[in-house]
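Everything below concerns the one structure shown next.
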Amino acid sequence: MTATIQTLPAEVVHLIAAGEVIDSLAAVVRELVENSLDAGATRIIVSIRPEQWQVQVADNGMGMDLENLQQAATAHSTSKINSAKDLWKITTLGFRGEALHSLAQLACLEIASRENDFATPIELRFESNKERPQSTNKDLNSGWRIVYNNVGEPREVEAIAIAPGTVVTVSNLFGSWPVRRGFVSPAQQLRAVQLMLQQIAVCHPRVTWQIRQGDNLVLHISPGVTAKETLPQILRGVRLSDLQQLTLEVSPPLGSGGGGELLSRGAGELLSGGAGELLSGGALPITNYQLPITNYQLPITNYQLPAQSLDLVIGLPDRCHRRRPDWVKVAVNGRVVRSPELEQTILTAFGRTCPRDRYPICFIHFQIYPEQIDWNRHPAKAEIYLHNMIYWQEQISLAIARALQLNTEIMPEMPLPERVGKLLKASEQKSGYNVNRSIQPNADGEAGKNSSDLGLMELKAIAQVHNTYILAEHPSGMWLVEQHIAHERVLYEQLCYAWQLVPLEPPVILNQLSPTQVDNLQRLGLEIEPFGEQLWAARSAPALLAKRDDCQDALTEISKVGDLQTAQVATACRSAIRNGTTLTLQEMQTLLDRWKSTRNPRTCPHGRPIFLSLEESALARFFRRNWVIGKSHGI
């Protein structure tokens with residue numbers, strides 16, 4: 001038994017944002033694909049003929065029976081909400097009942113559908129005085145095809161042979177309104193459909209996607225577990241190893257409206273209590289609560305309120321970035337949305353990690369309680385109102401900072417193969433050497449900052465190469481760390497944390513400064529005053545520069561920048577140890593310990609990569625160690 005499609009009451013229709021739902025071929029695809037996802041489809045094929053203004057979307061979802069098919073295209077008819085209160089707990093991608101009716105008015109609309117064997121209501125409603133609807137296998141062996149007139153009423157009805165699922169065909173779009181077709185070329189239309197479908201595919205990685213133009217396959221996206229497996233299929237040149245994925249549970253924001261006790265209780269009590277306590281305790285009046293059924297498997301026996309979560313996939317800034325911020329994306333409950341505040345938070349969190357005029361790859365998908373969201377702010381649901389915006393911005397900043405760190409949670413240790421371990425153990429017993437992989441104490445007699453409670457990646461300084469690179473051993477291989485820019489990253493973050501100016505005795509004399517340079521130094525807080533013709537006396541300077549012999553040159557350099565952050569970068573670069581400087585083993589270890597605990601250890605403030613990774617698995621493949629282990633050594 002599928003969910004019943006019914007006309008919404010007038011008071012609900014008036015609460016829904018008015019506006020054009022269908023304005024392009026891409027909008028047609030968006031609305032139809034969202035319906036397919038709501039129906040639980042795991043395979044969606046989009047066929048498009050831009051020259052003929054024709055779109056067809058086929059899926060393997062739950063399908064519809066004849067009764068629902070006859071009602072599907074009437075105005076404001078939907079199976080996804082029933083009353084005004086349902087607007088505040090939207091858990092489906094579609095809910096307004098406008099799309100199919102609009103398509104019937106603007107084009108020739110045809111729908112063929114057959115109920116799937118697992119057909120069940122899209123929205124499971126459990127009320128205190130009703131039982132859960134039971135599915136039925138009635139008429140599962142037959143499908144139906146309906147052609148609608150321009151007001152959404154059935155014009156042709158026939159029984160057909162069709163695989164379980166639904167096929168919607170839209171032909172001659174805007175045929176009666178040729179001015180609406182504008183001056184968009186077929187190539188531009190196809191590109192818009194591709195971009196739109198890519199965004200949806202990242203939100204629903206477990207679905208197989210295809211786009212066909214005529215008989216040609218234009219795009220194929222294979223299913224995966226997370227968006228990390230989907231992005232390399234979309235972004236050219238991005239490999240799976242270039243991406244970092246992190247999933248975090250997010251506590252409900254305290255004091256937020258609309259959720260009652262649910263949103264004011266602590267995260268620990270909420271997550272430990274489960275849905276049973278909430279549904280039975282009476283604290284939260286859950287009636288007609290809708291569970292998101294996407295890529296579900298029946299039978300469903302365990303009804304639990306899903307926890308809020310944040311799924312993060314980032315491109316590691318030392319490996320990939322883009323010319324435009326076109327893949328700084330935020331999604332909420334299965335749909336990519338435009339949110340300037342959240343997007344700016346992402347860019348700020350990646351500050352000084354990418355090269356100049358380059359932008360990060362970042363996809364964030366929030367799963368949020370419906371009470372926190374108002375979808376009814378844009379006809380295409382591309383813009384939303386999110387309660388407690390500051391709270392969600394903080395969660396984004398914390399998640400990105402966590403993903404950029406070098407720790408064992410994000411970069412798990414790769415244990416040596418069992419046979420390699422046996423070989424090393426046997427060799428140590430028969431020879432005079434032993435392998436010591438622990439980090440030596442630093443000058444203070446304490447271990448470095450890679451203690452287990454911080455979970456930082458263990459790094460052990462081995463040697464210095466050309467007085468430029470530090471060779472470091474870690475549990476899964478070796479790294480080459482460029483000493484100057486590693487130190488530059490350490491100093492830059494220190495300056496960001498505490499920009500300290502100290503007095504200069506005697507003052508440093510600067511010459512040939514332009515009025516702009518003088519203003520820049522004063523804007524940075526430096527005390528500077530005229531000292532003669534084309535001479536100025538600087539009576540204060542950043543602490544890192546005050547004791548340097550080249551303090552005059554350093555102050556002249558930072559006078560050319562107009563903002564504090566750029567001045568901090570210039571100061572850090574000037575103060576960092578130079579390549580060619582000889583370091584002792586202890587100095588190398590101290591630098592490694594300080595560098596790996598920085599917030600953004602992958603790149604320097606200019607965006608250059610700091611380390612080169614040589615993984616144990618890659619070394620083993622290169623030296624073909626698997627050819628000898630177990631044979632020539634008798635293991």
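Residue numbers start at 1 in each chain; chains themselves are named A, B, ... in the order of the structure tokens; ligands are numbered from 1 in the order shown.
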
Got a sec: who's within 9 Å of His220 in chain A, counting only C-alpha atoms, leaving out chain neighbours fewer than 4 positions off, as a PDB file with all heavy atoms, in the first residue's frame?
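Full text of around-v5.pdb as output:
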ATOM      1  N   THR A 208      22.629   4.992  -7.482  1.00  0.00           N
ATOM      2  CA  THR A 208      23.275   4.951  -8.799  1.00  0.00           C
ATOM      3  C   THR A 208      22.600   5.975  -9.700  1.00  0.00           C
ATOM      4  O   THR A 208      21.374   5.996  -9.821  1.00  0.00           O
ATOM      5  CB  THR A 208      23.146   3.553  -9.425  1.00  0.00           C
ATOM      6  OG1 THR A 208      23.766   2.598  -8.556  1.00  0.00           O
ATOM      7  CG2 THR A 208      23.824   3.510 -10.792  1.00  0.00           C
ATOM      8  N   TRP A 209      23.421   6.829 -10.342  1.00  0.00           N
ATOM      9  CA  TRP A 209      22.889   7.919 -11.164  1.00  0.00           C
ATOM     10  C   TRP A 209      23.378   7.787 -12.599  1.00  0.00           C
ATOM     11  O   TRP A 209      24.534   7.427 -12.842  1.00  0.00           O
ATOM     12  CB  TRP A 209      23.346   9.269 -10.617  1.00  0.00           C
ATOM     13  CG  TRP A 209      22.941   9.534  -9.202  1.00  0.00           C
ATOM     14  CD1 TRP A 209      23.630   9.176  -8.073  1.00  0.00           C
ATOM     15  CD2 TRP A 209      21.757  10.197  -8.755  1.00  0.00           C
ATOM     16  NE1 TRP A 209      22.950   9.585  -6.962  1.00  0.00           N
ATOM     17  CE2 TRP A 209      21.802  10.207  -7.340  1.00  0.00           C
ATOM     18  CE3 TRP A 209      20.674  10.778  -9.414  1.00  0.00           C
ATOM     19  CZ2 TRP A 209      20.794  10.782  -6.582  1.00  0.00           C
ATOM     20  CZ3 TRP A 209      19.679  11.352  -8.651  1.00  0.00           C
ATOM     21  CH2 TRP A 209      19.731  11.348  -7.251  1.00  0.00           C
ATOM     22  N   GLN A 210      22.485   8.120 -13.534  1.00  0.00           N
ATOM     23  CA  GLN A 210      22.859   8.187 -14.948  1.00  0.00           C
ATOM     24  C   GLN A 210      22.159   9.371 -15.598  1.00  0.00           C
ATOM     25  O   GLN A 210      20.999   9.665 -15.280  1.00  0.00           O
ATOM     26  CB  GLN A 210      22.475   6.903 -15.700  1.00  0.00           C
ATOM     27  CG  GLN A 210      23.348   5.703 -15.399  1.00  0.00           C
ATOM     28  CD  GLN A 210      23.015   4.522 -16.284  1.00  0.00           C
ATOM     29  OE1 GLN A 210      22.204   4.610 -17.196  1.00  0.00           O
ATOM     30  NE2 GLN A 210      23.651   3.389 -16.011  1.00  0.00           N
ATOM     31  N   ILE A 211      22.884  10.034 -16.475  1.00  0.00           N
ATOM     32  CA  ILE A 211      22.284  11.050 -17.352  1.00  0.00           C
ATOM     33  C   ILE A 211      22.554  10.627 -18.789  1.00  0.00           C
ATOM     34  O   ILE A 211      23.698  10.351 -19.157  1.00  0.00           O
ATOM     35  CB  ILE A 211      22.869  12.455 -17.111  1.00  0.00           C
ATOM     36  CG1 ILE A 211      22.587  12.927 -15.681  1.00  0.00           C
ATOM     37  CG2 ILE A 211      22.271  13.452 -18.105  1.00  0.00           C
ATOM     38  CD1 ILE A 211      23.123  14.318 -15.392  1.00  0.00           C
ATOM     39  N   ARG A 212      21.495  10.579 -19.584  1.00  0.00           N
ATOM     40  CA  ARG A 212      21.617  10.237 -20.996  1.00  0.00           C
ATOM     41  C   ARG A 212      21.097  11.382 -21.852  1.00  0.00           C
ATOM     42  O   ARG A 212      20.056  11.970 -21.537  1.00  0.00           O
ATOM     43  CB  ARG A 212      20.839   8.960 -21.322  1.00  0.00           C
ATOM     44  CG  ARG A 212      21.392   7.720 -20.658  1.00  0.00           C
ATOM     45  CD  ARG A 212      20.640   6.469 -21.067  1.00  0.00           C
ATOM     46  NE  ARG A 212      21.253   5.267 -20.523  1.00  0.00           N
ATOM     47  CZ  ARG A 212      22.248   4.615 -21.110  1.00  0.00           C
ATOM     48  NH1 ARG A 212      22.722   5.046 -22.283  1.00  0.00           N
ATOM     49  NH2 ARG A 212      22.763   3.535 -20.546  1.00  0.00           N
ATOM     50  N   GLN A 233      34.295  11.123  -8.564  1.00  0.00           N
ATOM     51  CA  GLN A 233      33.613  10.840  -9.830  1.00  0.00           C
ATOM     52  C   GLN A 233      33.073  12.116 -10.474  1.00  0.00           C
ATOM     53  O   GLN A 233      32.723  12.109 -11.657  1.00  0.00           O
ATOM     54  CB  GLN A 233      32.452   9.871  -9.593  1.00  0.00           C
ATOM     55  CG  GLN A 233      32.865   8.551  -8.960  1.00  0.00           C
ATOM     56  CD  GLN A 233      31.686   7.625  -8.759  1.00  0.00           C
ATOM     57  OE1 GLN A 233      31.024   7.202  -9.727  1.00  0.00           O
ATOM     58  NE2 GLN A 233      31.392   7.290  -7.519  1.00  0.00           N
TER      59      GLN A 233
END

*asked:* Can you pull out the residues contacting Val193 in chain A? Cut-off 8 Å, using only C-alpha atoms, and skip same-chain residues under 2 positions away; I want them as a PyMOL selection string.
replied: chain A and resi 25-26+29+189-191+195-197

*Can you tell me, as JSON, numbers by chain, what residues are no more than 9 Å from Thr598 in chain A when counting only C-alpha atoms, ignoring any on the same chain fewer than 4 positions away?*
{"A": [405, 406, 489, 490, 493, 594]}

Next, the residues of the selection above should be written as a tab-separated table (two decimals), in the first residue's frame with N, CA, C and O atoms.
chain	number	residue	atom	x	y	z
A	405	GLN	N	43.80	18.49	11.33
A	405	GLN	CA	44.88	18.12	12.23
A	405	GLN	C	45.51	16.79	11.82
A	405	GLN	O	44.91	15.98	11.13
A	406	LEU	N	46.73	16.62	12.29
A	406	LEU	CA	47.45	15.36	12.08
A	406	LEU	C	47.28	14.52	13.34
A	406	LEU	O	48.05	14.64	14.29
A	489	ARG	N	54.63	28.05	9.81
A	489	ARG	CA	53.26	27.74	10.25
A	489	ARG	C	53.15	27.86	11.78
A	489	ARG	O	52.18	28.40	12.31
A	490	VAL	N	54.17	27.37	12.49
A	490	VAL	CA	54.15	27.46	13.96
A	490	VAL	C	54.13	28.91	14.40
A	490	VAL	O	53.30	29.32	15.24
A	493	GLU	N	50.74	30.87	13.63
A	493	GLU	CA	49.62	30.61	14.54
A	493	GLU	C	49.88	31.20	15.92
A	493	GLU	O	48.95	31.62	16.61
A	594	ARG	N	56.11	20.74	17.74
A	594	ARG	CA	55.35	22.00	17.74
A	594	ARG	C	54.53	22.14	16.46
A	594	ARG	O	53.40	22.62	16.50

_Of the listed residues A:Leu217, A:Met478, A:Ala401, A:Leu545, that which approaches Glu458 in chain A most closely, counting only C-alpha atoms_ =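 Between A:Leu217, A:Met478, A:Ala401, A:Leu545, the residue approaching Glu458 in chain A most closely is A:Met478.
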
*When you draw a straight line from CA of Ala104 in chain A to CA of Arg145 in chain A, how long is it in Å?*
14.8 Å

*asked:* When you look at range 344-348 of chain A with a cut-off of 7 Å (counting only C-alpha atoms), what residues show up, excluding the ones that are within fewer than 4 positions of it in the same chain? I need them as a ChimeraX atom specification.
replied: /A:340,393,396-397

If you keep N, CA and C atoms, can you produce a file of those selected residues as a tab-separated table (two decimals), in the first residue's frame?
chain	number	residue	atom	x	y	z
A	340	PRO	N	24.98	31.92	2.73
A	340	PRO	CA	26.20	32.74	2.73
A	340	PRO	C	26.93	32.73	4.07
A	393	GLN	N	27.47	27.54	12.86
A	393	GLN	CA	28.76	28.05	12.40
A	393	GLN	C	29.89	27.53	13.28
A	396	ILE	N	30.72	23.93	12.40
A	396	ILE	CA	31.50	23.83	11.16
A	396	ILE	C	32.97	24.14	11.44
A	397	SER	N	33.25	25.20	12.17
A	397	SER	CA	34.64	25.58	12.46
A	397	SER	C	35.35	24.48	13.24

*Minimum-distance residue to Pro50 in chain A, chosen among A:Gly214, A:Tyr148, A:Arg180, A:Pro154 (using only C-alpha atoms)*: A:Gly214

*How many Å separate CA of Trp327 in chain A from CA of Pro205 in chain A?*
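If I compute the distance from CA of Trp327 in chain A to CA of Pro205 in chain A, I get 16.3 Å.
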